[in-house]
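Note: the block below is work02.txt and it holds compact mmCIF, C-alpha atoms.
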```txt
# COMPACT_ATOMS: atom_id res chain seq x y z
CA MET A 452 32.99 -23.91 -1.52
CA LYS A 453 34.64 -25.77 -4.38
CA GLY A 454 37.44 -25.31 -6.86
CA SER A 455 39.26 -22.01 -7.21
CA LEU A 456 36.78 -20.15 -4.98
CA ARG A 457 38.18 -21.96 -1.93
CA HIS A 458 41.18 -19.64 -2.14
CA ARG A 459 40.65 -16.20 -0.62
CA ASP A 460 43.44 -14.53 -2.56
CA PHE A 461 42.08 -15.79 -5.86
CA ARG A 462 38.64 -14.41 -4.92
CA LEU A 463 40.21 -10.97 -4.40
CA LEU A 464 41.99 -11.18 -7.75
CA TRP A 465 38.78 -12.30 -9.45
CA ALA A 466 36.72 -9.50 -7.84
CA GLY A 467 39.25 -6.85 -8.79
CA GLU A 468 39.46 -8.01 -12.38
CA SER A 469 35.67 -8.25 -12.70
CA ILE A 470 35.34 -4.60 -11.65
CA SER A 471 38.00 -3.28 -14.01
CA GLN A 472 36.78 -5.47 -16.89
CA ALA A 473 33.29 -3.99 -16.56
CA GLY A 474 34.69 -0.48 -16.82
CA SER A 475 36.90 -1.41 -19.75
CA ALA A 476 34.02 -3.07 -21.62
CA ALA A 477 31.98 0.13 -21.34
CA THR A 478 34.92 2.21 -22.57
CA ARG A 479 35.41 -0.02 -25.65
CA VAL A 480 31.95 1.12 -26.75
CA MET A 481 32.12 4.70 -25.53
CA LEU A 482 35.50 5.64 -27.00
CA PRO A 483 34.71 4.78 -30.65
CA LEU A 484 31.19 6.22 -30.39
CA ILE A 485 32.64 9.50 -29.08
CA ALA A 486 35.34 9.47 -31.76
CA VAL A 487 32.76 8.89 -34.50
CA GLY A 488 29.89 11.02 -33.20
CA THR A 489 31.67 13.90 -31.45
CA LEU A 490 35.11 14.06 -33.06
CA HIS A 491 33.87 12.87 -36.52
CA ALA A 492 36.67 10.33 -36.92
CA SER A 493 37.01 8.39 -40.18
CA SER A 494 37.33 4.61 -40.49
CA MET A 495 41.09 5.00 -40.87
CA THR A 496 41.29 7.19 -37.74
CA MET A 497 39.34 4.55 -35.83
CA SER A 498 41.81 1.92 -37.01
CA VAL A 499 44.74 4.06 -35.85
CA LEU A 500 43.08 4.50 -32.44
CA ASN A 501 42.68 0.76 -32.10
CA ALA A 502 46.26 0.18 -33.26
CA ALA A 503 47.67 2.67 -30.72
CA ALA A 504 46.39 0.60 -27.80
CA TRP A 505 48.20 -2.49 -29.08
CA LEU A 506 51.39 -0.95 -30.49
CA PRO A 507 53.25 -1.32 -27.14
CA TRP A 508 53.14 -5.09 -27.59
CA LEU A 509 55.35 -4.71 -30.65
CA LEU A 510 57.69 -2.24 -28.95
CA ILE A 511 58.16 -3.72 -25.46
CA GLY A 512 56.22 -6.99 -25.45
CA LEU A 513 59.33 -9.20 -25.32
CA PRO A 514 61.46 -7.39 -22.71
CA ALA A 515 58.39 -6.85 -20.50
CA GLY A 516 58.18 -10.58 -19.79
CA ALA A 517 61.84 -10.77 -18.81
CA TRP A 518 61.48 -7.70 -16.59
CA VAL A 519 58.40 -9.15 -14.91
CA ASP A 520 60.23 -12.43 -14.25
CA ARG A 521 62.78 -10.34 -12.26
CA MET A 522 60.08 -8.70 -10.12
CA ARG A 523 57.30 -9.73 -7.79
CA ARG A 524 54.13 -9.86 -9.84
CA ARG A 525 51.55 -8.32 -7.48
CA PRO A 526 53.23 -4.88 -7.12
CA VAL A 527 53.58 -4.71 -10.91
CA MET A 528 49.85 -5.35 -11.32
CA ILE A 529 48.93 -2.74 -8.69
CA VAL A 530 51.04 -0.03 -10.35
CA CYS A 531 49.66 -0.86 -13.81
CA ASN A 532 46.04 -0.61 -12.64
CA ALA A 533 46.77 2.68 -10.87
CA VAL A 534 48.35 4.16 -14.02
CA SER A 535 45.39 3.07 -16.16
CA GLY A 536 42.98 4.59 -13.66
CA VAL A 537 44.74 7.96 -13.69
CA LEU A 538 44.84 8.02 -17.50
CA LEU A 539 41.10 7.42 -17.80
CA LEU A 540 40.35 10.05 -15.17
CA SER A 541 42.37 12.53 -17.25
CA VAL A 542 40.21 11.69 -20.29
CA ALA A 543 37.08 12.23 -18.19
CA ALA A 544 38.42 15.63 -17.07
CA ALA A 545 39.16 16.66 -20.68
CA ALA A 546 35.67 15.61 -21.77
CA TRP A 547 34.14 17.58 -18.90
CA LEU A 548 36.11 20.68 -19.95
CA ASP A 549 35.08 20.14 -23.59
CA ALA A 550 38.78 19.86 -24.52
CA LEU A 551 38.90 16.24 -25.63
CA SER A 552 40.76 15.56 -28.89
CA VAL A 553 41.75 12.59 -31.03
CA GLY A 554 45.36 13.28 -30.03
CA GLN A 555 44.58 12.82 -26.33
CA LEU A 556 42.64 9.64 -27.06
CA LEU A 557 45.64 8.31 -29.00
CA LEU A 558 48.02 9.17 -26.15
CA ALA A 559 45.74 7.62 -23.52
CA ALA A 560 45.31 4.49 -25.65
CA ALA A 561 49.09 4.10 -26.11
CA LEU A 562 49.99 4.66 -22.44
CA SER A 563 47.22 2.45 -21.09
CA GLY A 564 48.30 -0.16 -23.63
CA THR A 565 51.82 0.02 -22.20
CA ALA A 566 50.47 -0.56 -18.69
CA ASP A 567 48.44 -3.46 -20.06
CA VAL A 568 51.59 -5.12 -21.46
CA PHE A 569 53.17 -5.30 -18.02
CA PHE A 570 49.91 -6.16 -16.26
CA ARG A 571 49.15 -9.15 -18.50
CA ALA A 572 52.69 -10.50 -18.27
CA ALA A 573 52.48 -10.38 -14.47
CA TYR A 574 48.85 -11.53 -14.32
CA SER A 575 49.33 -14.69 -16.38
CA ALA A 576 52.35 -15.69 -14.28
CA TYR A 577 50.61 -14.79 -10.99
CA VAL A 578 47.49 -16.96 -11.26
CA PRO A 579 49.46 -20.23 -10.77
CA ALA A 580 50.91 -18.73 -7.57
CA LEU A 581 47.40 -18.44 -6.13
CA LEU A 582 45.93 -21.76 -7.26
CA PRO A 583 47.11 -25.38 -7.24
CA ARG A 584 47.40 -27.04 -10.64
CA GLU A 585 44.13 -28.96 -10.27
CA ASP A 586 42.21 -25.67 -9.85
CA LEU A 587 43.85 -23.74 -12.71
CA ALA A 588 41.26 -24.65 -15.34
CA ASP A 589 38.39 -23.73 -12.99
CA GLY A 590 40.08 -20.44 -12.06
CA ASN A 591 40.76 -19.47 -15.66
CA ALA A 592 37.18 -20.34 -16.59
CA LYS A 593 35.90 -18.03 -13.84
CA LEU A 594 38.19 -15.21 -14.99
CA GLU A 595 36.99 -15.63 -18.57
CA THR A 596 33.37 -15.80 -17.38
CA SER A 597 33.64 -12.51 -15.50
CA GLU A 598 35.31 -10.87 -18.49
CA SER A 599 32.54 -12.12 -20.77
CA ALA A 600 29.85 -11.12 -18.26
CA ALA A 601 31.31 -7.61 -18.27
CA GLU A 602 30.89 -7.62 -22.05
CA VAL A 603 27.18 -8.34 -21.51
CA VAL A 604 26.35 -5.75 -18.87
CA ALA A 605 28.68 -2.83 -19.51
CA PRO A 606 28.45 -2.05 -23.27
CA SER A 607 24.74 -1.24 -23.17
CA ALA A 608 25.38 1.13 -20.26
CA GLY A 609 28.28 2.71 -22.16
CA GLY A 610 26.20 3.19 -25.31
CA ALA A 611 23.34 4.70 -23.30
CA LEU A 612 25.73 7.11 -21.56
CA VAL A 613 27.13 8.35 -24.87
CA GLN A 614 23.64 8.74 -26.34
CA ALA A 615 22.59 10.74 -23.29
CA GLY A 616 25.71 12.90 -23.37
CA GLY A 617 27.17 11.35 -20.24
CA ALA A 618 30.58 10.20 -21.55
CA VAL A 619 32.32 12.07 -18.71
CA PHE A 620 30.69 9.82 -16.13
CA GLY A 621 31.53 6.70 -18.14
CA PHE A 622 35.24 7.47 -18.27
CA LEU A 623 35.12 8.53 -14.61
CA ALA A 624 33.58 5.18 -13.67
CA ASP A 625 36.18 3.27 -15.69
CA GLY A 626 39.06 5.14 -14.05
CA LEU A 627 37.65 4.45 -10.60
CA SER A 628 37.19 0.76 -11.50
CA PHE A 629 40.93 0.40 -12.14
CA LEU A 630 41.71 2.09 -8.83
CA ALA A 631 39.28 -0.22 -7.04
CA SER A 632 40.94 -3.22 -8.66
CA ALA A 633 44.37 -1.99 -7.49
CA LEU A 634 43.00 -1.63 -3.95
CA LEU A 635 41.70 -5.21 -3.92
CA LEU A 636 45.08 -6.49 -5.12
CA THR A 637 46.75 -4.83 -2.14
CA ARG A 638 44.69 -7.07 0.16
CA ILE A 639 46.06 -10.34 -1.23
CA ARG A 640 48.09 -12.11 1.47
CA ALA A 641 49.85 -14.84 -0.52
CA GLN A 642 53.61 -14.55 -0.37
CA GLU A 643 55.33 -14.81 -3.72
CA GLY A 644 58.53 -16.76 -4.06
CA PRO A 645 61.72 -14.98 -5.14
CA PRO A 646 61.55 -13.64 -8.71
CA GLY A 647 63.28 -15.97 -11.13
CA GLY A 648 65.80 -13.36 -12.21
CA GLU A 649 66.39 -11.31 -9.07
CA ARG A 650 70.03 -12.49 -8.73
CA ARG A 651 70.84 -12.02 -12.40
CA ARG A 652 72.66 -9.00 -13.68
CA ALA A 653 71.00 -6.53 -16.06
CA PRO A 654 73.20 -7.57 -19.05
CA ALA A 655 71.50 -11.00 -18.93
CA LEU A 656 68.20 -9.46 -20.06
CA LEU A 657 68.67 -10.20 -23.76
CA PRO A 658 69.63 -13.87 -23.22
CA GLU A 659 66.58 -14.23 -20.94
CA ILE A 660 64.30 -12.87 -23.66
CA ARG A 661 65.94 -15.16 -26.20
CA GLU A 662 65.55 -18.15 -23.88
CA GLY A 663 61.80 -17.63 -23.49
CA PHE A 664 61.25 -17.05 -27.20
CA ALA A 665 63.44 -20.04 -28.13
CA PHE A 666 61.44 -22.33 -25.83
CA LEU A 667 58.26 -21.16 -27.54
CA ALA A 668 59.70 -21.53 -31.05
CA ARG A 669 61.03 -25.07 -30.40
CA ASP A 670 57.91 -26.53 -28.83
CA PRO A 671 55.54 -27.85 -31.54
CA PHE A 672 52.38 -27.54 -29.41
CA LEU A 673 52.98 -23.94 -28.32
CA ARG A 674 54.21 -22.92 -31.77
CA THR A 675 51.27 -24.40 -33.69
CA ILE A 676 48.60 -22.94 -31.42
CA LEU A 677 50.34 -19.56 -31.43
CA LEU A 678 50.45 -19.35 -35.23
CA CYS A 679 46.71 -20.00 -35.39
CA ASP A 680 45.92 -17.48 -32.64
CA ALA A 681 48.14 -14.81 -34.19
CA GLY A 682 46.51 -15.21 -37.61
CA MET A 683 43.03 -14.95 -36.10
CA ASN A 684 44.04 -11.89 -34.09
CA LEU A 685 45.34 -10.20 -37.24
CA PHE A 686 41.98 -10.40 -38.99
CA LEU A 687 39.77 -9.94 -35.92
CA ALA A 688 41.65 -6.74 -35.02
CA GLY A 689 40.49 -5.29 -38.32
CA THR A 690 36.88 -6.29 -37.62
CA GLN A 691 36.99 -4.78 -34.13
CA ALA A 692 38.35 -1.51 -35.46
CA LEU A 693 35.51 -1.28 -37.98
CA SER A 694 32.50 -2.88 -36.29
CA ILE A 695 31.11 0.18 -34.48
CA VAL A 696 31.79 2.46 -37.46
CA PHE A 697 30.05 -0.12 -39.66
CA LEU A 698 26.99 -0.32 -37.40
CA SER A 699 26.79 3.45 -36.89
CA ARG A 700 27.47 4.80 -40.38
CA THR A 701 26.79 1.97 -42.84
CA VAL A 702 23.87 0.22 -41.13
CA GLY A 703 22.54 3.35 -39.38
CA VAL A 704 22.19 2.05 -35.81
CA ASP A 705 22.05 4.49 -32.88
CA GLY A 706 24.50 4.38 -29.97
CA GLY A 707 22.10 2.85 -27.46
CA THR A 708 21.20 -0.01 -29.80
CA ILE A 709 24.88 -0.62 -30.59
CA GLY A 710 25.54 -1.00 -26.86
CA VAL A 711 22.68 -3.51 -26.54
CA LEU A 712 23.92 -5.49 -29.55
CA ILE A 713 27.45 -5.72 -28.18
CA ALA A 714 26.06 -6.70 -24.78
CA LEU A 715 24.05 -9.54 -26.33
CA VAL A 716 27.08 -10.65 -28.35
CA GLY A 717 28.98 -10.79 -25.06
CA LEU A 718 26.65 -13.57 -23.91
CA GLY A 719 28.49 -15.76 -26.41
CA GLY A 720 31.70 -15.25 -24.45
CA VAL A 721 29.90 -16.12 -21.19
CA LEU A 722 28.59 -19.30 -22.80
CA GLY A 723 32.04 -20.19 -24.11
CA ALA A 724 33.69 -19.75 -20.70
CA VAL A 725 31.01 -21.82 -18.96
CA VAL A 726 31.09 -24.75 -21.39
CA SER A 727 34.87 -24.87 -21.90
CA PRO A 728 35.53 -27.35 -19.05
CA LEU A 729 32.71 -29.55 -20.39
CA LEU A 730 34.18 -29.46 -23.91
CA ALA A 731 37.61 -30.38 -22.57
CA ARG A 732 36.24 -33.32 -20.58
CA THR A 733 33.98 -34.58 -23.37
CA PHE A 734 36.28 -34.30 -26.38
CA GLY A 735 39.72 -33.92 -24.78
CA THR A 736 41.64 -30.65 -24.63
CA ALA A 737 43.35 -31.03 -28.03
CA ARG A 738 40.14 -31.96 -29.87
CA ALA A 739 38.22 -29.19 -28.11
CA VAL A 740 40.74 -26.62 -29.38
CA LEU A 741 40.24 -27.92 -32.95
CA LEU A 742 36.47 -27.90 -32.53
CA CYS A 743 36.41 -24.28 -31.34
CA ALA A 744 38.71 -23.10 -34.14
CA PHE A 745 36.92 -24.79 -37.03
CA CYS A 746 33.30 -24.34 -35.89
CA GLY A 747 33.46 -20.69 -34.76
CA GLY A 748 35.15 -18.94 -37.68
CA PRO A 749 32.48 -19.49 -40.37
CA PHE A 750 29.82 -17.77 -38.24
CA GLY A 751 31.72 -14.50 -38.60
CA LEU A 752 30.75 -14.42 -42.28
CA LEU A 753 27.20 -13.55 -41.19
CA VAL A 754 28.32 -10.14 -39.90
CA PRO A 755 28.84 -8.42 -43.31
CA LEU A 756 25.24 -9.40 -44.17
CA THR A 757 23.94 -7.09 -41.40
CA THR A 758 21.21 -4.61 -42.28
CA ASP A 759 18.94 -2.41 -40.16
CA GLY A 760 15.88 -3.87 -38.45
CA ALA A 761 15.58 -7.65 -38.56
CA GLY A 762 18.89 -7.80 -40.42
CA LEU A 763 20.70 -6.98 -37.15
CA ALA A 764 20.23 -10.67 -36.30
CA ALA A 765 23.08 -11.46 -38.71
CA PHE A 766 25.48 -9.39 -36.59
CA LEU A 767 24.12 -10.85 -33.36
CA VAL A 768 24.27 -14.52 -34.37
CA GLY A 769 27.59 -14.22 -36.20
CA ASP A 770 29.56 -12.49 -33.45
CA PHE A 771 27.78 -14.43 -30.67
CA CYS A 772 28.86 -17.82 -32.00
CA LEU A 773 32.31 -16.59 -32.98
CA GLY A 774 32.85 -15.10 -29.51
CA ALA A 775 31.68 -18.29 -27.79
CA SER A 776 34.18 -20.40 -29.71
CA ILE A 777 37.06 -17.97 -29.13
CA VAL A 778 36.54 -17.74 -25.37
CA ALA A 779 36.04 -21.50 -24.95
CA GLY A 780 39.25 -22.18 -26.84
CA ASN A 781 41.13 -19.49 -24.89
CA VAL A 782 40.22 -20.99 -21.51
CA ILE A 783 41.55 -24.39 -22.57
CA ILE A 784 44.72 -22.98 -24.17
CA VAL A 785 45.61 -20.68 -21.26
CA SER A 786 45.16 -23.53 -18.75
CA PHE A 787 47.35 -25.76 -20.94
CA ARG A 788 50.14 -23.16 -21.10
CA GLN A 789 50.12 -22.49 -17.36
CA ALA A 790 50.42 -26.20 -16.55
CA TYR A 791 52.86 -27.00 -19.37
CA CYS A 792 55.47 -24.23 -19.22
CA PRO A 793 58.30 -24.10 -16.62
CA PRO A 794 57.16 -21.76 -13.78
CA GLY A 795 60.41 -19.78 -13.75
CA MET A 796 60.00 -18.93 -17.43
CA LEU A 797 56.25 -18.39 -17.50
CA GLY A 798 56.47 -14.59 -17.59
CA ARG A 799 58.93 -14.63 -20.50
CA ILE A 800 57.01 -17.29 -22.42
CA SER A 801 53.68 -15.52 -21.84
CA SER A 802 55.12 -12.22 -23.04
CA SER A 803 56.65 -13.90 -26.10
CA ILE A 804 53.24 -15.36 -26.91
CA ARG A 805 51.53 -12.01 -26.42
CA PHE A 806 54.25 -10.24 -28.39
CA VAL A 807 53.34 -12.35 -31.41
CA MET A 808 49.58 -12.44 -30.81
CA TYR A 809 49.03 -8.83 -29.84
CA GLY A 810 51.74 -7.57 -32.16
CA THR A 811 49.45 -8.55 -35.02
CA VAL A 812 46.64 -6.34 -33.67
CA PRO A 813 47.97 -2.91 -34.74
CA VAL A 814 48.84 -4.39 -38.13
CA GLY A 815 45.35 -5.88 -38.43
CA SER A 816 43.71 -2.62 -37.33
CA LEU A 817 45.55 -0.65 -39.99
CA LEU A 818 44.77 -3.38 -42.54
CA GLY A 819 41.08 -3.01 -41.69
CA GLY A 820 41.25 0.76 -42.12
CA ALA A 821 43.05 0.44 -45.46
CA LEU A 822 40.55 -2.13 -46.76
CA ALA A 823 37.62 0.02 -45.62
CA THR A 824 39.09 3.05 -47.40
CA VAL A 825 39.26 1.10 -50.67
CA LEU A 826 36.29 -1.29 -50.43
CA GLY A 827 34.02 0.35 -47.84
CA ASP A 828 33.30 -1.04 -44.38
CA ARG A 829 31.13 -3.94 -45.59
CA GLY A 830 33.61 -5.09 -48.23
CA ALA A 831 36.46 -4.95 -45.74
CA LEU A 832 34.51 -7.06 -43.23
CA TRP A 833 33.94 -9.79 -45.83
CA ILE A 834 37.69 -10.17 -46.35
CA LEU A 835 38.58 -9.94 -42.66
CA TYR A 836 36.05 -12.52 -41.43
CA ALA A 837 36.95 -14.91 -44.26
CA GLY A 838 40.63 -14.62 -43.35
CA ASN A 839 39.83 -15.36 -39.71
CA ALA A 840 37.90 -18.53 -40.61
CA LEU A 841 40.75 -19.84 -42.79
CA CYS A 842 43.29 -19.47 -39.96
CA ALA A 843 41.93 -22.65 -38.32
CA LEU A 844 43.80 -24.56 -41.04
CA LEU A 845 47.08 -23.52 -39.38
CA LEU A 846 46.40 -26.07 -36.61
CA LEU A 847 46.49 -29.04 -38.97
CA PRO A 848 50.24 -29.32 -39.73
CA GLY A 849 51.15 -29.56 -36.02
CA PRO A 850 50.77 -32.32 -33.41
CA VAL A 851 47.45 -31.03 -32.03
CA ARG A 852 45.38 -32.85 -34.68
CA ASN A 853 46.80 -36.27 -33.71
CA ARG A 854 45.96 -36.14 -30.00
CA ARG A 855 42.96 -36.25 -27.76
CA GLU A 856 44.62 -34.38 -24.88
CA LEU A 857 47.23 -31.61 -24.81
CA PRO A 858 50.28 -32.46 -22.64
CA VAL A 859 50.36 -31.15 -19.06
CA GLY A 860 54.08 -31.00 -18.35
```

Write out the structure in this file as structure tokens.
Amino acid sequence: MKGSLRHRDFRLLWAGESISQAGSAATRVMLPLIAVGTLHASSMTMSVLNAAAWLPWLLIGLPAGAWVDRMRRRPVMIVCNAVSGVLLLSVAAAAWLDALSVGQLLLAAALSGTADVFFRAAYSAYVPALLPREDLADGNAKLETSESAAEVVAPSAGGALVQAGGAVFGFLADGLSFLASALLLTRIRAQEGPPGGERRRAPALLPEIREGFAFLARDPFLRTILLCDAGMNLFLAGTQALSIVFLSRTVGVDGGTIGVLIALVGLGGVLGAVVSPLLARTFGTARAVLLCAFCGGPFGLLVPLTTDGAGLAAFLVGDFCLGASIVAGNVIIVSFRQAYCPPGMLGRISSSIRFVMYGTVPVGSLLGGALATVLGDRGALWILYAGNALCALLLLPGPVRNRRELPVG
């Protein structure tokens, strides 16, 4: 056994995340299809639903990293998965009782988003505790591969469940997947070192947050990459909020076919995760990041050309290639950050990064809804995908363009 799979605790983490990612991927198709088909939600309502899941990043994204740096990461992750599981089971119960409403979906999205804030802050800082530095890239590639594989298998199942009237079972399965992931995390044996802030007093929280954000703002590599990622997230959030509404109402595609399309698009993410180490070795990590940013964005402009029948190939090719480039770039960037940032500050720096990146998502979702209200879904997608492609230019003023490799310490 080679690479990251030599480590038992990492295998448990990987298995748990693969299970919960599969459930989440199915829900990302089921929830909007139910909102559109059963609750008759508008494009703006769909954008608000998408924004609600990401709003916690704006509200608590920064202090969450400092709090996580004061705590042991594994218990935080277990509690977050358990909370998410209970929330999804409550949605399944409401659907079974025919009492589901947009309000409950909004509440569930906001609360599960809050759990996700803490989970991701702990998760990003926990992976280096399970793997030596030389295995980080391989471990991150495997985590991205399983996430992308979930995007292939689960959406078609989710779409088929909604079409067959089985949404209750879909949400039930997703809730149980989070609980199964929490159970696997309890079996990890690795002992964490003392939390970086366990001897600090509570009043030091604000300086700790400021310290992590200042490190990020000062560093030209982290700052440049973050600006590009945040810009892309802003525009892609709008496309994600509108894509299923666009396929269902504008193009006229049924739920089962939408699930299959999204599953096939997910193969692009699998491809990106698999080839990312090869891209990094062949071109160098810095050049590979530039390659992914500049080559992937223009493919998104195929999506607004989508029509029914053979015209669905525009959606498939556009999002497939865009997804492959995004995932490949993410694997390289995450591995760079984990090796480059001081371990004692990794939770704070990761949360500062996610605060900026994910904080743009609710804004982008609402932007997509506003554009769709004025220009229609297709017109809005033209603007959003064009904006995403142009964000690659944000990498050029920084030091990334002058190097073959990103620094490792």

Quick check, in Å to one decimal: how far apart do CA of Arg732 (chain A) and CA of Arg855 (chain A) lie?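 We find that CA of Arg732 (chain A) and CA of Arg855 (chain A) lie 10.3 Å from each other.
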
ask   = With distances taken over all atoms listed in the file, which of A:Val782, A:Leu562, A:Cys792, A:Leu506 is nearest to Val726 (chain A)?
value =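 Using all atoms listed in the file, Val726 (chain A) sits closest to A:Val782.
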
CA of Phe620 (chain A) sits from CA of Gln555 (chain A) at a separation of 17.5 Å

Pairwise distance, CA of Arg799 (chain A) with CA of Ile660 (chain A), equals 6.5 Å

Min atom-atom distance to Thr565 (chain A) from the set A:Ala504, A:Cys743, A:Met808, A:Leu635, counting all atoms listed in the file, belongs to A:Ala504
